[in-house]
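Participant: Okay, handing you the structure first.
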Amino acid sequence: RARRLRRRDAAPCHMLINSFQTAILFVTMKGIAAMIASGRKLTVSTWNVAAINNNPFEYWITYNEPYENLMSDVESFLEAPGDRDVPVQDVFNEDMFSKLDGRMQQVGWESVRSYWDTDFKDRKIVSGFMKDKLLGSKRLASMPDRITNTINVVGSDEPVCRPTIINMYDKDLSSLDKWWSAWEEFMFDTSLEIQTKKGMEQKAPYEMLQPIKKSKYPDITEDEEKVSLPLQTMCGAIFDAILV
């Protein structure tokens with residue numbers, strides 16, 4: 001009975017709202033017609049400020065001078081790195097790669113030493129890696145970031161963040177050595193309880209990564225598809241190291 005009464009009471013309100021909306025539309029259209037007839041123009045712009053991630057470098061505002069200078073300096077570096085466009089191995093060094101490759105083999109993945117030696121270690125960090133459109137279309141850096149950037153865990157309102165500067169990670173990343181130690185521990189030694197389609201599961205972040213399929217991302221080669229798990233992990237590490 002209460003539901004029926006609410007429906008009866010609601011009906012006139014809906015009718016009133018609809019009538020009001022119709023009147024507003026009529027006045028608006030009449031005004032636009034008059035403006036067009038007089039030769040006046042209406043300029044309208046929209047801006048979607050929503051974001052699906054918490055990367056502070058994807059969207060930013062002129063908040064204050066130090067903040068704006070920081071963001072502008074980062075943009076300037078990426079646009080014109082000059083002699084700071086150093087080889088990847090000067091940032092993510094040989095020792096880091098060897099340790100990473102060993103950890104990946106320990107969990108049953110193939111070595112990606114050949115990709116490192118013949119390609120990635122000699123790439124320039126900006127022009128050869130950060131701005132490589134083919135690397136982007138293969139999703140070799142963006143895919144691991146999408147999955148491990150910010151992980152919701154069971155029983156906590158606070159997510160767990162990968163050690164990187166493009167999320168809400170709040171521990172010390174003041175040096176590459178500190179970053180690498182935290183990154184390796186996070187990826188391979190941190191067990192997290194997450195909700196999956198199968199229910200609650202305990203997984204380390206590396207176990208959450210998904211193979212990159214050529215059927216979905218055609219730019220990836222068949223050989224790269226076979227080792228897409230270790231290859232994307234290496235690229236993800238290089239990406240984070242460059243940012244640090």
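How things are named: the first chain in the structure tokens is A, the next is B, and so on; residues count from 1 in each chain; ligands count from 1 in the order shown.
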Could you pull out the residues in range 54-92 of chain A that DSSP calls alpha helix (DSSP H) from the backbone, as a PDB file with C-alpha atoms, in the first residue's frame?
Facilitator:
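Listing of part.pdb after writing:
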ATOM      1  CA  GLU A  65      54.337  27.771  -8.647  1.00  0.00           C
ATOM      2  CA  PRO A  66      56.592  24.971  -7.266  1.00  0.00           C
ATOM      3  CA  TYR A  67      54.121  22.313  -8.385  1.00  0.00           C
ATOM      4  CA  GLU A  68      53.663  23.888 -11.806  1.00  0.00           C
ATOM      5  CA  ASN A  69      57.438  24.174 -12.238  1.00  0.00           C
ATOM      6  CA  LEU A  70      57.858  20.497 -11.382  1.00  0.00           C
ATOM      7  CA  MET A  71      55.282  19.397 -13.924  1.00  0.00           C
ATOM      8  CA  SER A  72      56.648  21.731 -16.588  1.00  0.00           C
ATOM      9  CA  ASP A  73      60.183  20.443 -16.011  1.00  0.00           C
ATOM     10  CA  VAL A  74      59.039  16.853 -16.433  1.00  0.00           C
ATOM     11  CA  GLU A  75      57.231  17.774 -19.645  1.00  0.00           C
ATOM     12  CA  SER A  76      60.283  19.653 -20.938  1.00  0.00           C
ATOM     13  CA  PHE A  77      62.525  16.688 -20.212  1.00  0.00           C
ATOM     14  CA  LEU A  78      60.297  14.330 -22.169  1.00  0.00           C
ATOM     15  CA  GLU A  79      59.939  16.772 -25.054  1.00  0.00           C
TER      16      GLU A  79
END
Participant: Can you pull out the residues contacting range 82-96 of chain A? Cut-off 7 Å, using only C-alpha atoms, and skip same-chain residues under 4 positions away; I want them as a ChimeraX atom specification.
Facilitator: /A:100,120-126,238,241-242
Participant: Can I get the selection written as a JSON list (two decimals), in the first residue's frame, with N, CA and C atoms?
Facilitator:
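again32.json, freshly written:
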[["chain", "number", "residue", "atom", "x", "y", "z"],
["A", 100, "LEU", "N", 66.67, -9.48, -11.95],
["A", 100, "LEU", "CA", 65.29, -9.65, -12.40],
["A", 100, "LEU", "C", 65.14, -10.91, -13.25],
["A", 120, "PHE", "N", 66.96, -3.85, -25.74],
["A", 120, "PHE", "CA", 66.49, -2.90, -24.74],
["A", 120, "PHE", "C", 67.60, -2.16, -23.99],
["A", 121, "LYS", "N", 68.70, -2.79, -23.70],
["A", 121, "LYS", "CA", 69.70, -2.11, -22.87],
["A", 121, "LYS", "C", 70.34, -0.93, -23.58],
["A", 122, "ASP", "N", 70.34, -0.93, -24.90],
["A", 122, "ASP", "CA", 70.96, 0.15, -25.66],
["A", 122, "ASP", "C", 69.97, 1.20, -26.14],
["A", 123, "ARG", "N", 68.70, 1.00, -25.89],
["A", 123, "ARG", "CA", 67.70, 2.01, -26.26],
["A", 123, "ARG", "C", 67.91, 3.28, -25.43],
["A", 124, "LYS", "N", 67.63, 4.43, -26.03],
["A", 124, "LYS", "CA", 67.64, 5.67, -25.27],
["A", 124, "LYS", "C", 66.36, 5.75, -24.44],
["A", 125, "ILE", "N", 66.47, 6.23, -23.22],
["A", 125, "ILE", "CA", 65.36, 6.12, -22.28],
["A", 125, "ILE", "C", 64.11, 6.90, -22.73],
["A", 126, "VAL", "N", 64.30, 8.02, -23.43],
["A", 126, "VAL", "CA", 63.14, 8.79, -23.88],
["A", 126, "VAL", "C", 62.79, 8.46, -25.32],
["A", 238, "ILE", "N", 61.87, -1.35, -16.41],
["A", 238, "ILE", "CA", 62.59, -0.28, -17.10],
["A", 238, "ILE", "C", 61.79, 1.02, -17.03],
["A", 241, "ALA", "N", 61.95, 2.49, -13.56],
["A", 241, "ALA", "CA", 63.31, 2.98, -13.27],
["A", 241, "ALA", "C", 63.56, 4.32, -13.94],
["A", 242, "ILE", "N", 63.12, 4.47, -15.18],
["A", 242, "ILE", "CA", 63.30, 5.72, -15.90],
["A", 242, "ILE", "C", 62.59, 6.86, -15.16]]
Participant: Find the residues of range 52-164 of chain A that sit at most 7 Å from range 220-231 of chain A; for each, write down the nearest two atoms and how far apart they are in Å, to one decimal. Count only C-alpha atoms. Sort by chain, then by number going up, and give it as CSV.
Facilitator:
residue,atom,partner,partner_atom,distance
A:Met104,CA,A:Pro230,CA,6.5
A:Trp109,CA,A:Pro230,CA,6.3
A:Glu110,CA,A:Val227,CA,6.6
A:Val112,CA,A:Leu231,CA,6.4
A:Lys138,CA,A:Ile220,CA,5.1
Participant: Just give me the gap between CA of Phe186 in chain A and CA of Ala204 in chain A in Å, one decimal is fine.
Facilitator: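 Interatomic distance, CA of Phe186 in chain A to CA of Ala204 in chain A: 7.7 Å.
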Participant: Can you tell me which residues surround Gln232 in chain A at a distance of at most 8 Å, considering only C-alpha atoms, apart from same-chain residues fewer than 4 positions away, and format the answer as number ranges by chain?
Facilitator: A: 139-141, 143-144, 228, 236
Participant: I'd like the neighbourhood of Asn55 in chain A as a VMD selection string, where a residue qualifies if any of its atoms comes within 10 Å (using only C-alpha atoms), though same-chain residues fewer than 3 positions away should be ignored.
Facilitator: chain A and resid 51 to 52 58 to 60 149 164 to 168
Participant: Got a sec to tell me which of range 13-236 of chain A DSSP assigns to strand (DSSP E), as a ChimeraX atom specification?
Facilitator: /A:150-151,160-161,192-196,199-203
Participant: Take the selection from the previous step and output its residues with N, CA, C and O atoms, as a PDB file, in the first residue's frame.
Facilitator:
ATOM      1  N   THR A 150      47.881  -0.143  -8.820  1.00  0.00           N
ATOM      2  CA  THR A 150      47.140   0.019  -7.569  1.00  0.00           C
ATOM      3  C   THR A 150      46.251  -1.203  -7.394  1.00  0.00           C
ATOM      4  O   THR A 150      45.352  -1.429  -8.203  1.00  0.00           O
ATOM      5  N   ILE A 151      46.521  -1.997  -6.365  1.00  0.00           N
ATOM      6  CA  ILE A 151      45.844  -3.280  -6.189  1.00  0.00           C
ATOM      7  C   ILE A 151      44.921  -3.222  -4.975  1.00  0.00           C
ATOM      8  O   ILE A 151      45.365  -2.941  -3.852  1.00  0.00           O
ATOM      9  N   VAL A 160      47.092  -1.431  -2.243  1.00  0.00           N
ATOM     10  CA  VAL A 160      48.540  -1.611  -2.217  1.00  0.00           C
ATOM     11  C   VAL A 160      49.096  -1.091  -3.536  1.00  0.00           C
ATOM     12  O   VAL A 160      48.618  -1.470  -4.608  1.00  0.00           O
ATOM     13  N   CYS A 161      50.100  -0.245  -3.464  1.00  0.00           N
ATOM     14  CA  CYS A 161      50.645   0.396  -4.664  1.00  0.00           C
ATOM     15  C   CYS A 161      52.028  -0.138  -5.021  1.00  0.00           C
ATOM     16  O   CYS A 161      52.853  -0.378  -4.127  1.00  0.00           O
ATOM     17  N   LEU A 192      49.461 -11.010  -1.647  1.00  0.00           N
ATOM     18  CA  LEU A 192      48.284 -10.178  -1.409  1.00  0.00           C
ATOM     19  C   LEU A 192      47.010 -11.004  -1.562  1.00  0.00           C
ATOM     20  O   LEU A 192      46.905 -11.837  -2.462  1.00  0.00           O
ATOM     21  N   GLU A 193      46.054 -10.768  -0.695  1.00  0.00           N
ATOM     22  CA  GLU A 193      44.767 -11.447  -0.794  1.00  0.00           C
ATOM     23  C   GLU A 193      43.833 -10.579  -1.638  1.00  0.00           C
ATOM     24  O   GLU A 193      43.494  -9.455  -1.260  1.00  0.00           O
ATOM     25  N   ILE A 194      43.447 -11.099  -2.783  1.00  0.00           N
ATOM     26  CA  ILE A 194      42.613 -10.332  -3.711  1.00  0.00           C
ATOM     27  C   ILE A 194      41.353 -11.117  -4.056  1.00  0.00           C
ATOM     28  O   ILE A 194      41.298 -12.343  -3.909  1.00  0.00           O
ATOM     29  N   GLN A 195      40.358 -10.385  -4.530  1.00  0.00           N
ATOM     30  CA  GLN A 195      39.104 -10.999  -4.968  1.00  0.00           C
ATOM     31  C   GLN A 195      39.192 -11.266  -6.460  1.00  0.00           C
ATOM     32  O   GLN A 195      39.446 -10.368  -7.257  1.00  0.00           O
ATOM     33  N   THR A 196      38.999 -12.521  -6.853  1.00  0.00           N
ATOM     34  CA  THR A 196      39.020 -12.902  -8.261  1.00  0.00           C
ATOM     35  C   THR A 196      37.700 -13.571  -8.626  1.00  0.00           C
ATOM     36  O   THR A 196      36.824 -13.755  -7.781  1.00  0.00           O
ATOM     37  N   GLY A 199      37.021 -16.410  -6.460  1.00  0.00           N
ATOM     38  CA  GLY A 199      36.894 -16.145  -5.034  1.00  0.00           C
ATOM     39  C   GLY A 199      38.130 -15.431  -4.528  1.00  0.00           C
ATOM     40  O   GLY A 199      38.866 -14.804  -5.300  1.00  0.00           O
ATOM     41  N   MET A 200      38.394 -15.532  -3.240  1.00  0.00           N
ATOM     42  CA  MET A 200      39.570 -14.887  -2.655  1.00  0.00           C
ATOM     43  C   MET A 200      40.802 -15.748  -2.889  1.00  0.00           C
ATOM     44  O   MET A 200      40.785 -16.959  -2.636  1.00  0.00           O
ATOM     45  N   GLU A 201      41.883 -15.114  -3.342  1.00  0.00           N
ATOM     46  CA  GLU A 201      43.127 -15.829  -3.614  1.00  0.00           C
ATOM     47  C   GLU A 201      44.319 -15.035  -3.102  1.00  0.00           C
ATOM     48  O   GLU A 201      44.284 -13.804  -3.064  1.00  0.00           O
ATOM     49  N   GLN A 202      45.363 -15.760  -2.717  1.00  0.00           N
ATOM     50  CA  GLN A 202      46.625 -15.146  -2.322  1.00  0.00           C
ATOM     51  C   GLN A 202      47.555 -15.167  -3.533  1.00  0.00           C
ATOM     52  O   GLN A 202      47.866 -16.233  -4.062  1.00  0.00           O
ATOM     53  N   LYS A 203      47.998 -13.997  -3.956  1.00  0.00           N
ATOM     54  CA  LYS A 203      48.879 -13.932  -5.111  1.00  0.00           C
ATOM     55  C   LYS A 203      49.916 -12.835  -4.925  1.00  0.00           C
ATOM     56  O   LYS A 203      49.643 -11.793  -4.334  1.00  0.00           O
TER      57      LYS A 203
END
Participant: Just give me the gap between CA of Thr148 in chain A and CA of Arg113 in chain A in Å, one decimal is fine.
Facilitator: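 Going from CA of Thr148 in chain A over to CA of Arg113 in chain A covers 23.1 Å.
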